Number of protein chains: 4
Amino acid sequence: MTRVGVVGATGYAGAELVRILSAHPGVKLTVLTSRRHIGERFDTIYPALAGRVDLICEKYDADSLSDATDLVFTALPHQLPMEIVPALLKRGNKVVDLSADFRFRDPDSYEKHYQPHTARGLLQQAVYGLSEVYFDDIQGADLVGNPGCYPTSALLPLIPLVKKDLLDPATLIVDAKSGVSGAGRSPSVTTLYSEVSESFKPYKVAAHRHNPEMDEVLSREAGTRVQTTFVPHLVPMSRGMQTTIYAGCTTTNRREDFHDCLQSFYNGKAFIRIRKDGSPPDTLHVRGTNYCDIGIQVDKPSNRLILMSAIDNLVKGAAGQAVQNMNIMLGLDETTGLTQMPYPL
Amino acid sequence: MTRVGVVGATGYAGAELVRILSAHPGVKLTVLTSRRHIGERFDTIYPALAGRVDLICEKYDADSLSDATDLVFTALPHQLPMEIVPALLKRGNKVVDLSADFRFRDPDSYEKHYQPHTARGLLQQAVYGLSEVYFDDIQGADLVGNPGCYPTSALLPLIPLVKKDLLDPATLIVDAKSGVSGAGRSPSVTTLYSEVSESFKPYKVAAHRHNPEMDEVLSREAGTRVQTTFVPHLVPMSRGMQTTIYAGCTTTNRREDFHDCLQSFYNGKAFIRIRKDGSPPDTLHVRGTNYCDIGIQVDKPSNRLILMSAIDNLVKGAAGQAVQNMNIMLGLDETTGLTQMPYPL
Amino acid sequence: MTRVGVVGATGYAGAELVRILSAHPGVKLTVLTSRRHIGERFDTIYPALAGRVDLICEKYDADSLSDATDLVFTALPHQLPMEIVPALLKRGNKVVDLSADFRFRDPDSYEKHYQPHTARGLLQQAVYGLSEVYFDDIQGADLVGNPGCYPTSALLPLIPLVKKDLLDPATLIVDAKSGVSGAGRSPSVTTLYSEVSESFKPYKVAAHRHNPEMDEVLSREAGTRVQTTFVPHLVPMSRGMQTTIYAGCTTTNRREDFHDCLQSFYNGKAFIRIRKDGSPPDTLHVRGTNYCDIGIQVDKPSNRLILMSAIDNLVKGAAGQAVQNMNIMLGLDETTGLTQMPYPL
Amino acid sequence: MTRVGVVGATGYAGAELVRILSAHPGVKLTVLTSRRHIGERFDTIYPALAGRVDLICEKYDADSLSDATDLVFTALPHQLPMEIVPALLKRGNKVVDLSADFRFRDPDSYEKHYQPHTARGLLQQAVYGLSEVYFDDIQGADLVGNPGCYPTSALLPLIPLVKKDLLDPATLIVDAKSGVSGAGRSPSVTTLYSEVSESFKPYKVAAHRHNPEMDEVLSREAGTRVQTTFVPHLVPMSRGMQTTIYAGCTTTNRREDFHDCLQSFYNGKAFIRIRKDGSPPDTLHVRGTNYCDIGIQVDKPSNRLILMSAIDNLVKGAAGQAVQNMNIMLGLDETTGLTQMPYPL
């Protein structure tokens, strides 16, 4: 059985990886590393998992990690993965990286928005892990750059339509809203309960680093330069991301046409649920799951399409999609380990 | 001292009116009516106000209400006010109506989106109570149609710019998010705690009745037909509304120009706070207050202006603005009774 | 494979039953009934389960239900089950009832706190479904009265200690706190989001009907009349119940002794997690699971034991324990279908 | 007009002091100090107060502070105030300290639970600022030790009854629940939104330092050694504290007797609201106010009194009571600046 490890297991995305991988029937979770909790049992940090996970968090060490695993998830802040991933690949490990370090094909774009890239050579080799869209490439990949949560929520509804030229690429506006867990587990005033409760606000307005990420992918798929206007907002809730997208229609403004295009593109894809009646998706309906729910409406007077998506930012927006990518890389059914029943509330 | 009454005092907007008017130094609150709580003390329904309000809720009766008041707030679901307001006006009462019944100048538009209007003749006489914008008209009004919460949050940032032709009227998109109290106090599954918590979702997508309301006002101010795309969303919080507006720039895309235009238009207006550095407004910062905080950013690559506003949907979006309108109608300083200190958290 | 049905499937406890039973490997869910949603697909009421549950809600009919099922869960308000359960039992169905109707052995006690009982004869036959404690009786039962959420949270930590006379039965105080989903899905002002948010309050102080339920069981186990003081509180959260219990010590006040007694009693019981270091249980750690986490502290100066438990009120406090009881009745491993991984947050 | 300063103005209690004092008609707020935000405008840290507070946070300096103020509030973590208060008193300032440093009369008790006390001599001079109870002493005080939030919530209902020997002092159990703002504004994992939401839990079980504080006061008032069992809990909400107290009755178990005793003790006290019908107090009803709402029930079968209180932990539990104490020290009406209307929701 494939042995897997999680580097950065005690952050929120890391902990979700641990949850999913511990119950995954096709792999064995063998190593957890953490910078803050070396030597501590994972279930003392996340007592929800007491009785279910008995691993102890270790200090990161390339050799011992590589020896004990076949595939590694790196769930670290950007800049750290590019320092360790090359060594893991050399040792023969496959890697799914959840940071931004291997999401860009264009190293200049990465460097403009993040920092100098010390493993530029890997960017051409890395596959962008938007599972449903790049399934074929992921199958053969040794290194997957797992997409950001916002790009996942925007690209899944947009790509099929952009590929068919159903949207005017100059008109794309992405208004996205995320639960607070997206900001991670590092202590910070801005994510304290008393600062978040009853607070709804935009942030990094037209300045978020997920913007160039989604623009690079959209441009590739559209075959033309796409520059979306992107405004993220913070929602007083723990998990969930809802994105509302506005786009000018081109050849059609019939809701059914957009629905059919999406339905056809995602035919047979278990995690994409297109709402038949156009009714809006709701973060509560995808909480804790790997689903991406998509709703479609047309504002006829303005000839604008309104696309709406809902995902769990920690699952389809991070750990869930990462495991889905692992499944694809390993030749497993892509839903393996990800079919836990959703909660009705 | 002017005697005032609140019809529909036990709904959320009504209760906010009671809170503000009870402490208002320029008027005396004399009558509360309620359909559900006839004969009950108001402070048994809202125990927060025990020791502060000793009025008993009465059944609505035009004669006794009119005798006991000079000015009446009607905080009822639409359709009811148009049945009772004519009688109150005839008896010499001034009226501030918080429903949609007197917000439209065009009766056909009202009837298209609501129902037949039984007091069409009053629509020309009624003044749209967007306090900062229509101050002069409100001064002489006997009947004010208090704006909807969504229109208030969108019109305050938009009107000054639209009047100066700084925005392309064909490009307006209003993406708005409201706390749950906007749905009122009537029992309903959709506003139960367990349905709202961890739930963020669009609703009435491009189909909300506040859309024609804001379009009528914008069209008037722009001097041309404006049709905004409007998508409201429900936020898991009690109070607050944040609206993000996207608009194509025309003659300028310098942030400072938009800032100056707004600053100049609202110069001396106590409840409009334009954030100097463009930093986004936050519902938490206006909670319980009559403020409208406005933020401005430009997305240069797409030549789009991003306007952001935050209000408390029950205060500036309802009861607070209604009292502000009363102040203007009575010749009081418009801030009277509305200067309670905001909470830092 | 055993065929099961859920009567009252669209309430919160019913929906949780549907979630668990749909993925249960040992039974087949064949019938859902609902009073409000006859003819509607279950997944239109709970869209989280779209793609996972395709059943349509039916009107309750004893004959057709009985024909299509071997075991029935009744998730209805009390008073309704006692009207339908006798017929189901006669037709040969086994029944797990989630209401209070079959929890009492003493019909007078039931009638004092609820209403006249129309199936008194079944009370001696029914088994109180506190799974870990009455496992043996449940094995042979045709009718299980599933415990209330509060009694479950109080009895699991108390019973082993009471049986060993480690607590003074005259001193028991149960201070319990529940999330709002416990109040169900019926529309009501008191459970609206805006009434619950930022609201923490006691209710039914020393007057809740779960009090006689827990007292009857405790008295039986203690071999003496026990009358606990019981105060429930409402917490601004959706799911979860935390109970803090105060009791005078008798023969020992060493924390280890209480720990050992509980550990020994629940040895091998997968859903009872006794926290080794006495650290307090947290509702977040049991959310969505069938666990009961138990913490133990002693206040030496007052010679008082402090017991703390945490459960999910809808799972171990309702649907989860009901399925656990079904497993026991059917001779399956009691954890079958209940081992979904907990979420770390 | 009396000039006042706030040392530690950017913590939550400090910010509430700023809110109240900025609008206080009897004093002038002249100085704010902060350790983290030196040189920053207060309203950039708390933008809610933009347009209302224009002070800049300064570095603490005893001389300049003393010159610019007559009375100082110290809102710092314990241990810091005892280092600076002596100097302020020597310079002639009056001081209200919100930490634990001047709450204890017995220095050994303080040192046992906190750390060595470097200003032991002031403990006899300091007055415990439970405003309604120690009004007379506060009038003449130069130094007030402002009570902890938990002791305030427990002592206000208990003291009148303890003084009249209506409660058995050996039986007191205080089960208290606090909103998260009580933990302050320092970044910490435990108060992150995602850790708090859906989490209800006890903490510092029978080990919280507010326990000896309340016991010292209760023992003094009872004239006998009182040792309460005290368990605090954390509630997923921002503000508010609800405390449920259990006590054995002595000479009476009639609810009316307890009610009369409390009513008589607090006769004319504006901030104590005793609920006539025994209905439970609710944190939502006191949010943002200086009220302490008190409910009373008797559990006759066990002969136990159940006292319930609700306060806002940041107002009556901290800043509000501190200002109330200032009012008393300055000979102002004790409600001055504290009569802002409560919000109905």
# chains A, B, ... in the order shown; residues from 1 in each chain; ligands from 1
>>> interface_residues(of="chain A", to="chain B", cutoff="6 Å", atoms="only C-alpha atoms", output="mmCIF file with N, CA, C and O atoms, in the first residue's frame")
data_model
loop_
_atom_site.group_PDB
_atom_site.id
_atom_site.type_symbol
_atom_site.label_atom_id
_atom_site.label_comp_id
_atom_site.auth_asym_id
_atom_site.auth_seq_id
_atom_site.Cartn_x
_atom_site.Cartn_y
_atom_site.Cartn_z
ATOM 1 N N GLU A 198 -19.885 39.100 13.489
ATOM 2 C CA GLU A 198 -20.641 40.282 13.049
ATOM 3 C C GLU A 198 -19.820 41.186 12.141
ATOM 4 O O GLU A 198 -20.171 42.354 11.934
ATOM 5 N N SER A 199 -18.743 40.670 11.600
ATOM 6 C CA SER A 199 -17.912 41.441 10.688
ATOM 7 C C SER A 199 -17.921 40.795 9.307
ATOM 8 O O SER A 199 -17.572 39.630 9.155
ATOM 9 N N PHE A 200 -18.342 41.542 8.324
ATOM 10 C CA PHE A 200 -18.210 41.109 6.936
ATOM 11 C C PHE A 200 -17.479 42.225 6.214
ATOM 12 O O PHE A 200 -17.851 43.385 6.329
ATOM 13 N N LYS A 201 -16.455 41.859 5.477
ATOM 14 C CA LYS A 201 -15.638 42.911 4.858
ATOM 15 C C LYS A 201 -14.846 42.397 3.674
ATOM 16 O O LYS A 201 -14.422 41.246 3.653
ATOM 17 N N PRO A 202 -14.628 43.260 2.687
ATOM 18 C CA PRO A 202 -13.673 42.938 1.628
ATOM 19 C C PRO A 202 -12.249 43.056 2.190
ATOM 20 O O PRO A 202 -12.026 43.703 3.213
ATOM 21 N N ALA A 206 -8.778 43.815 -5.200
ATOM 22 C CA ALA A 206 -8.055 43.853 -6.480
ATOM 23 C C ALA A 206 -6.546 43.744 -6.275
ATOM 24 O O ALA A 206 -5.756 44.280 -7.050
ATOM 25 N N MET A 237 -17.731 32.950 9.412
ATOM 26 C CA MET A 237 -18.001 31.519 9.553
ATOM 27 C C MET A 237 -16.662 30.815 9.472
ATOM 28 O O MET A 237 -15.653 31.401 9.069
ATOM 29 N N PRO A 280 -29.339 29.039 -6.062
ATOM 30 C CA PRO A 280 -27.975 29.368 -5.657
ATOM 31 C C PRO A 280 -27.357 28.300 -4.760
ATOM 32 O O PRO A 280 -28.036 27.722 -3.913
ATOM 33 N N ASP A 282 -24.945 26.988 -1.661
ATOM 34 C CA ASP A 282 -24.884 27.455 -0.276
ATOM 35 C C ASP A 282 -23.693 26.752 0.378
ATOM 36 O O ASP A 282 -23.532 25.540 0.242
ATOM 37 N N THR A 283 -22.872 27.513 1.059
ATOM 38 C CA THR A 283 -21.697 26.888 1.691
ATOM 39 C C THR A 283 -22.085 25.770 2.656
ATOM 40 O O THR A 283 -21.350 24.802 2.811
ATOM 41 N N LEU A 284 -23.235 25.913 3.314
ATOM 42 C CA LEU A 284 -23.642 24.892 4.283
ATOM 43 C C LEU A 284 -23.841 23.534 3.616
ATOM 44 O O LEU A 284 -23.666 22.493 4.245
ATOM 45 N N ASP A 299 -28.850 37.578 -16.107
ATOM 46 C CA ASP A 299 -29.537 38.854 -15.955
ATOM 47 C C ASP A 299 -29.785 39.392 -17.358
ATOM 48 O O ASP A 299 -28.933 40.058 -17.958
#
>>> residues_around(residues="range 334-340 of chain B", least_positions_apart="6", cutoff="12 Å", atoms="only C-alpha atoms", output="PDB file with C-alpha atoms, in the first residue's frame")
ATOM      1  CA  GLU B  16     -34.981  49.802  16.580  1.00  0.00           C
ATOM      2  CA  LEU B  17     -37.278  52.790  16.125  1.00  0.00           C
ATOM      3  CA  VAL B  18     -38.436  52.346  19.714  1.00  0.00           C
ATOM      4  CA  ARG B  19     -34.825  52.188  20.918  1.00  0.00           C
ATOM      5  CA  ILE B  20     -33.836  55.369  19.133  1.00  0.00           C
ATOM      6  CA  LEU B  21     -37.009  57.342  19.775  1.00  0.00           C
ATOM      7  CA  SER B  22     -37.143  56.497  23.484  1.00  0.00           C
ATOM      8  CA  ALA B  23     -33.892  58.340  23.991  1.00  0.00           C
ATOM      9  CA  HIS B  24     -34.487  61.056  21.417  1.00  0.00           C
ATOM     10  CA  PRO B  25     -34.296  64.472  23.065  1.00  0.00           C
ATOM     11  CA  GLY B  26     -36.554  66.214  20.571  1.00  0.00           C
ATOM     12  CA  VAL B  27     -39.643  64.025  20.445  1.00  0.00           C
ATOM     13  CA  LYS B  28     -41.870  62.051  22.762  1.00  0.00           C
ATOM     14  CA  SER B 131     -31.451  61.617   3.738  1.00  0.00           C
ATOM     15  CA  GLU B 132     -28.126  63.010   2.549  1.00  0.00           C
ATOM     16  CA  PHE B 135     -32.394  66.603   2.243  1.00  0.00           C
ATOM     17  CA  ASP B 136     -34.124  69.616   0.695  1.00  0.00           C
ATOM     18  CA  ILE B 138     -37.477  65.863   2.829  1.00  0.00           C
ATOM     19  CA  GLN B 139     -37.592  69.170   4.704  1.00  0.00           C
ATOM     20  CA  GLY B 268     -20.354  68.142   6.321  1.00  0.00           C
ATOM     21  CA  LYS B 269     -22.577  65.075   6.343  1.00  0.00           C
ATOM     22  CA  ALA B 270     -21.980  63.461   9.723  1.00  0.00           C
ATOM     23  CA  PHE B 271     -23.069  59.940   8.876  1.00  0.00           C
ATOM     24  CA  ILE B 272     -20.994  59.425   5.747  1.00  0.00           C
ATOM     25  CA  VAL B 286     -20.959  50.522  11.770  1.00  0.00           C
ATOM     26  CA  ARG B 287     -22.911  48.058  13.891  1.00  0.00           C
ATOM     27  CA  GLY B 288     -25.705  49.775  15.779  1.00  0.00           C
ATOM     28  CA  THR B 289     -24.942  53.143  14.163  1.00  0.00           C
ATOM     29  CA  ASN B 290     -26.371  55.364  11.462  1.00  0.00           C
ATOM     30  CA  TYR B 291     -23.045  55.541   9.623  1.00  0.00           C
ATOM     31  CA  VAL B 315     -30.196  51.562  11.392  1.00  0.00           C
ATOM     32  CA  LYS B 316     -28.984  53.455   8.313  1.00  0.00           C
ATOM     33  CA  ALA B 319     -34.880  52.861  11.570  1.00  0.00           C
ATOM     34  CA  GLY B 320     -31.916  55.190  11.831  1.00  0.00           C
ATOM     35  CA  GLN B 321     -32.453  56.774   8.466  1.00  0.00           C
ATOM     36  CA  ALA B 322     -36.172  56.998   9.246  1.00  0.00           C
ATOM     37  CA  VAL B 323     -35.414  59.023  12.367  1.00  0.00           C
ATOM     38  CA  GLN B 324     -32.914  61.101  10.420  1.00  0.00           C
ATOM     39  CA  ASN B 325     -35.719  61.864   7.978  1.00  0.00           C
ATOM     40  CA  MET B 326     -38.037  62.773  10.840  1.00  0.00           C
ATOM     41  CA  ASN B 327     -35.386  65.141  12.168  1.00  0.00           C
ATOM     42  CA  ILE B 328     -35.172  66.823   8.787  1.00  0.00           C
TER      43      ILE B 328
ATOM     44  CA  ARG D  19     -16.007  54.496  24.034  1.00  0.00           C
ATOM     45  CA  ILE D  20     -17.737  55.380  27.283  1.00  0.00           C
ATOM     46  CA  SER D  22     -15.464  59.897  24.986  1.00  0.00           C
ATOM     47  CA  ALA D  23     -19.167  60.532  25.359  1.00  0.00           C
ATOM     48  CA  HIS D  24     -19.160  61.082  29.123  1.00  0.00           C
ATOM     49  CA  ALA D  48     -15.791  52.089  14.494  1.00  0.00           C
ATOM     50  CA  LEU D  49     -14.864  55.224  16.397  1.00  0.00           C
ATOM     51  CA  GLY D  51     -15.037  60.716  13.653  1.00  0.00           C
ATOM     52  CA  ARG D  52     -15.648  60.311  17.370  1.00  0.00           C
ATOM     53  CA  GLY D 288     -23.289  46.708  25.497  1.00  0.00           C
ATOM     54  CA  GLY D 337     -22.248  58.332  30.813  1.00  0.00           C
ATOM     55  CA  LEU D 338     -23.635  54.825  31.189  1.00  0.00           C
ATOM     56  CA  THR D 339     -27.220  55.239  30.080  1.00  0.00           C
ATOM     57  CA  GLN D 340     -26.854  54.503  26.384  1.00  0.00           C
ATOM     58  CA  MET D 341     -29.954  52.666  25.189  1.00  0.00           C
ATOM     59  CA  PRO D 342     -29.644  48.876  24.965  1.00  0.00           C
ATOM     60  CA  TYR D 343     -30.183  47.290  21.566  1.00  0.00           C
TER      61      TYR D 343
END
>>> residues_around(residues="Arg3 in chain B", least_positions_apart="2", cutoff="8 Å", atoms="only C-alpha atoms", output="PyMOL selection string")
chain B and resi 1+5+27-30+68-71
>>> select_by_dssp(residues="range 1-182 of chain C", states="helix (DSSP H, G or I)", output="ChimeraX atom specification")
/C:12-22,42-45,47-49,62-68,81-90,107-113,120-122,135-139,149-163,169-171,180-182
>>> write_last_selection(atoms="C-alpha atoms", output="PDB file, in the first residue's frame")
ATOM      1  CA  TYR C  12     -33.153  17.617  12.168  1.00  0.00           C
ATOM      2  CA  ALA C  13     -32.929  14.257  13.945  1.00  0.00           C
ATOM      3  CA  GLY C  14     -34.670  12.593  11.029  1.00  0.00           C
ATOM      4  CA  ALA C  15     -32.273  14.137   8.555  1.00  0.00           C
ATOM      5  CA  GLU C  16     -29.320  12.925  10.595  1.00  0.00           C
ATOM      6  CA  LEU C  17     -30.819   9.433  10.507  1.00  0.00           C
ATOM      7  CA  VAL C  18     -31.046   9.691   6.735  1.00  0.00           C
ATOM      8  CA  ARG C  19     -27.418  10.810   6.537  1.00  0.00           C
ATOM      9  CA  ILE C  20     -26.168   7.909   8.626  1.00  0.00           C
ATOM     10  CA  LEU C  21     -28.436   5.210   7.251  1.00  0.00           C
ATOM     11  CA  SER C  22     -27.793   6.130   3.617  1.00  0.00           C
ATOM     12  CA  PHE C  42     -35.438  14.571   0.311  1.00  0.00           C
ATOM     13  CA  ASP C  43     -32.420  16.207  -1.329  1.00  0.00           C
ATOM     14  CA  THR C  44     -34.418  19.273  -2.301  1.00  0.00           C
ATOM     15  CA  ILE C  45     -35.084  19.867   1.380  1.00  0.00           C
ATOM     16  CA  PRO C  47     -29.450  19.873  -0.750  1.00  0.00           C
ATOM     17  CA  ALA C  48     -26.259  18.876   1.046  1.00  0.00           C
ATOM     18  CA  LEU C  49     -27.302  15.307   0.248  1.00  0.00           C
ATOM     19  CA  ALA C  62     -48.715   1.960   8.446  1.00  0.00           C
ATOM     20  CA  ASP C  63     -49.349  -0.759   5.920  1.00  0.00           C
ATOM     21  CA  SER C  64     -47.071   0.377   3.159  1.00  0.00           C
ATOM     22  CA  LEU C  65     -44.376   1.370   5.624  1.00  0.00           C
ATOM     23  CA  SER C  66     -44.556  -1.952   7.356  1.00  0.00           C
ATOM     24  CA  ASP C  67     -44.424  -3.863   4.079  1.00  0.00           C
ATOM     25  CA  ALA C  68     -41.348  -2.018   2.911  1.00  0.00           C
ATOM     26  CA  PRO C  81     -45.253   7.788  18.290  1.00  0.00           C
ATOM     27  CA  MET C  82     -47.465   6.164  20.898  1.00  0.00           C
ATOM     28  CA  GLU C  83     -50.269   6.343  18.363  1.00  0.00           C
ATOM     29  CA  ILE C  84     -48.407   4.537  15.597  1.00  0.00           C
ATOM     30  CA  VAL C  85     -45.831   2.319  17.244  1.00  0.00           C
ATOM     31  CA  PRO C  86     -48.269  -0.338  18.502  1.00  0.00           C
ATOM     32  CA  ALA C  87     -49.450  -0.954  14.955  1.00  0.00           C
ATOM     33  CA  LEU C  88     -45.921  -1.238  13.632  1.00  0.00           C
ATOM     34  CA  LEU C  89     -44.933  -3.717  16.320  1.00  0.00           C
ATOM     35  CA  LYS C  90     -48.026  -5.793  15.588  1.00  0.00           C
ATOM     36  CA  PRO C 107     -46.380   5.575  33.161  1.00  0.00           C
ATOM     37  CA  ASP C 108     -47.481   7.933  35.920  1.00  0.00           C
ATOM     38  CA  SER C 109     -44.267   9.834  35.668  1.00  0.00           C
ATOM     39  CA  TYR C 110     -44.680  10.120  31.901  1.00  0.00           C
ATOM     40  CA  GLU C 111     -48.241  11.290  32.270  1.00  0.00           C
ATOM     41  CA  LYS C 112     -47.330  13.824  34.909  1.00  0.00           C
ATOM     42  CA  HIS C 113     -44.776  15.484  32.676  1.00  0.00           C
ATOM     43  CA  ARG C 120     -48.994   2.152  28.594  1.00  0.00           C
ATOM     44  CA  GLY C 121     -48.683  -1.552  28.116  1.00  0.00           C
ATOM     45  CA  LEU C 122     -45.630  -1.115  25.949  1.00  0.00           C
ATOM     46  CA  PHE C 135     -26.522  -3.193  25.688  1.00  0.00           C
ATOM     47  CA  ASP C 136     -27.776  -6.589  26.809  1.00  0.00           C
ATOM     48  CA  ASP C 137     -31.398  -5.540  27.067  1.00  0.00           C
ATOM     49  CA  ILE C 138     -31.259  -3.751  23.738  1.00  0.00           C
ATOM     50  CA  GLN C 139     -30.034  -6.897  22.013  1.00  0.00           C
ATOM     51  CA  CYS C 149     -30.044  14.305  24.561  1.00  0.00           C
ATOM     52  CA  TYR C 150     -29.668  15.809  28.032  1.00  0.00           C
ATOM     53  CA  PRO C 151     -30.148  12.472  29.841  1.00  0.00           C
ATOM     54  CA  THR C 152     -27.572  10.861  27.552  1.00  0.00           C
ATOM     55  CA  SER C 153     -25.018  13.530  28.371  1.00  0.00           C
ATOM     56  CA  ALA C 154     -25.652  13.255  32.111  1.00  0.00           C
ATOM     57  CA  LEU C 155     -26.222   9.525  32.529  1.00  0.00           C
ATOM     58  CA  LEU C 156     -23.139   8.291  30.696  1.00  0.00           C
ATOM     59  CA  PRO C 157     -20.728   9.909  33.165  1.00  0.00           C
ATOM     60  CA  LEU C 158     -22.958   9.439  36.204  1.00  0.00           C
ATOM     61  CA  ILE C 159     -24.184   5.850  36.055  1.00  0.00           C
ATOM     62  CA  PRO C 160     -20.909   4.009  36.655  1.00  0.00           C
ATOM     63  CA  LEU C 161     -20.147   6.192  39.676  1.00  0.00           C
ATOM     64  CA  VAL C 162     -23.648   6.026  41.087  1.00  0.00           C
ATOM     65  CA  LYS C 163     -23.674   2.256  40.813  1.00  0.00           C
ATOM     66  CA  PRO C 169     -27.218  11.026  45.532  1.00  0.00           C
ATOM     67  CA  ALA C 170     -28.643  14.032  47.402  1.00  0.00           C
ATOM     68  CA  THR C 171     -26.080  16.393  45.905  1.00  0.00           C
ATOM     69  CA  VAL C 180     -29.901  25.352  19.015  1.00  0.00           C
ATOM     70  CA  SER C 181     -30.563  22.433  16.687  1.00  0.00           C
ATOM     71  CA  GLY C 182     -31.993  20.663  19.719  1.00  0.00           C
TER      72      GLY C 182
END
>>> residues_around(residues="Phe102 in chain C", least_positions_apart="4", cutoff="8 Å", atoms="only C-alpha atoms", output="NGL selection string")
:C and (82 or 97 or 122-123 or 126-128 or 144-146)
>>> residues_around(residues="Ile38 in chain D", least_positions_apart="3", cutoff="9 Å", atoms="only C-alpha atoms", output="list in words")
Thr33, Ser34, Arg35, Arg41, Ile56, Cys57, Glu58 and Lys59 of chain D
>>> atom_distance(atom1="CA of Val189 in chain D", atom2="CA of Leu192 in chain B")
29.5 Å
>>> select_by_dssp(residues="range 42-213 of chain B", states="strand (DSSP E or B)", output="ChimeraX atom specification")
/B:56-58,71-74,94-97,127-128,143-145,167,173-178,192,201-202
>>> atom_distance(atom1="CA of Asp277 in chain A", atom2="CA of Ala176 in chain B")
22.2 Å
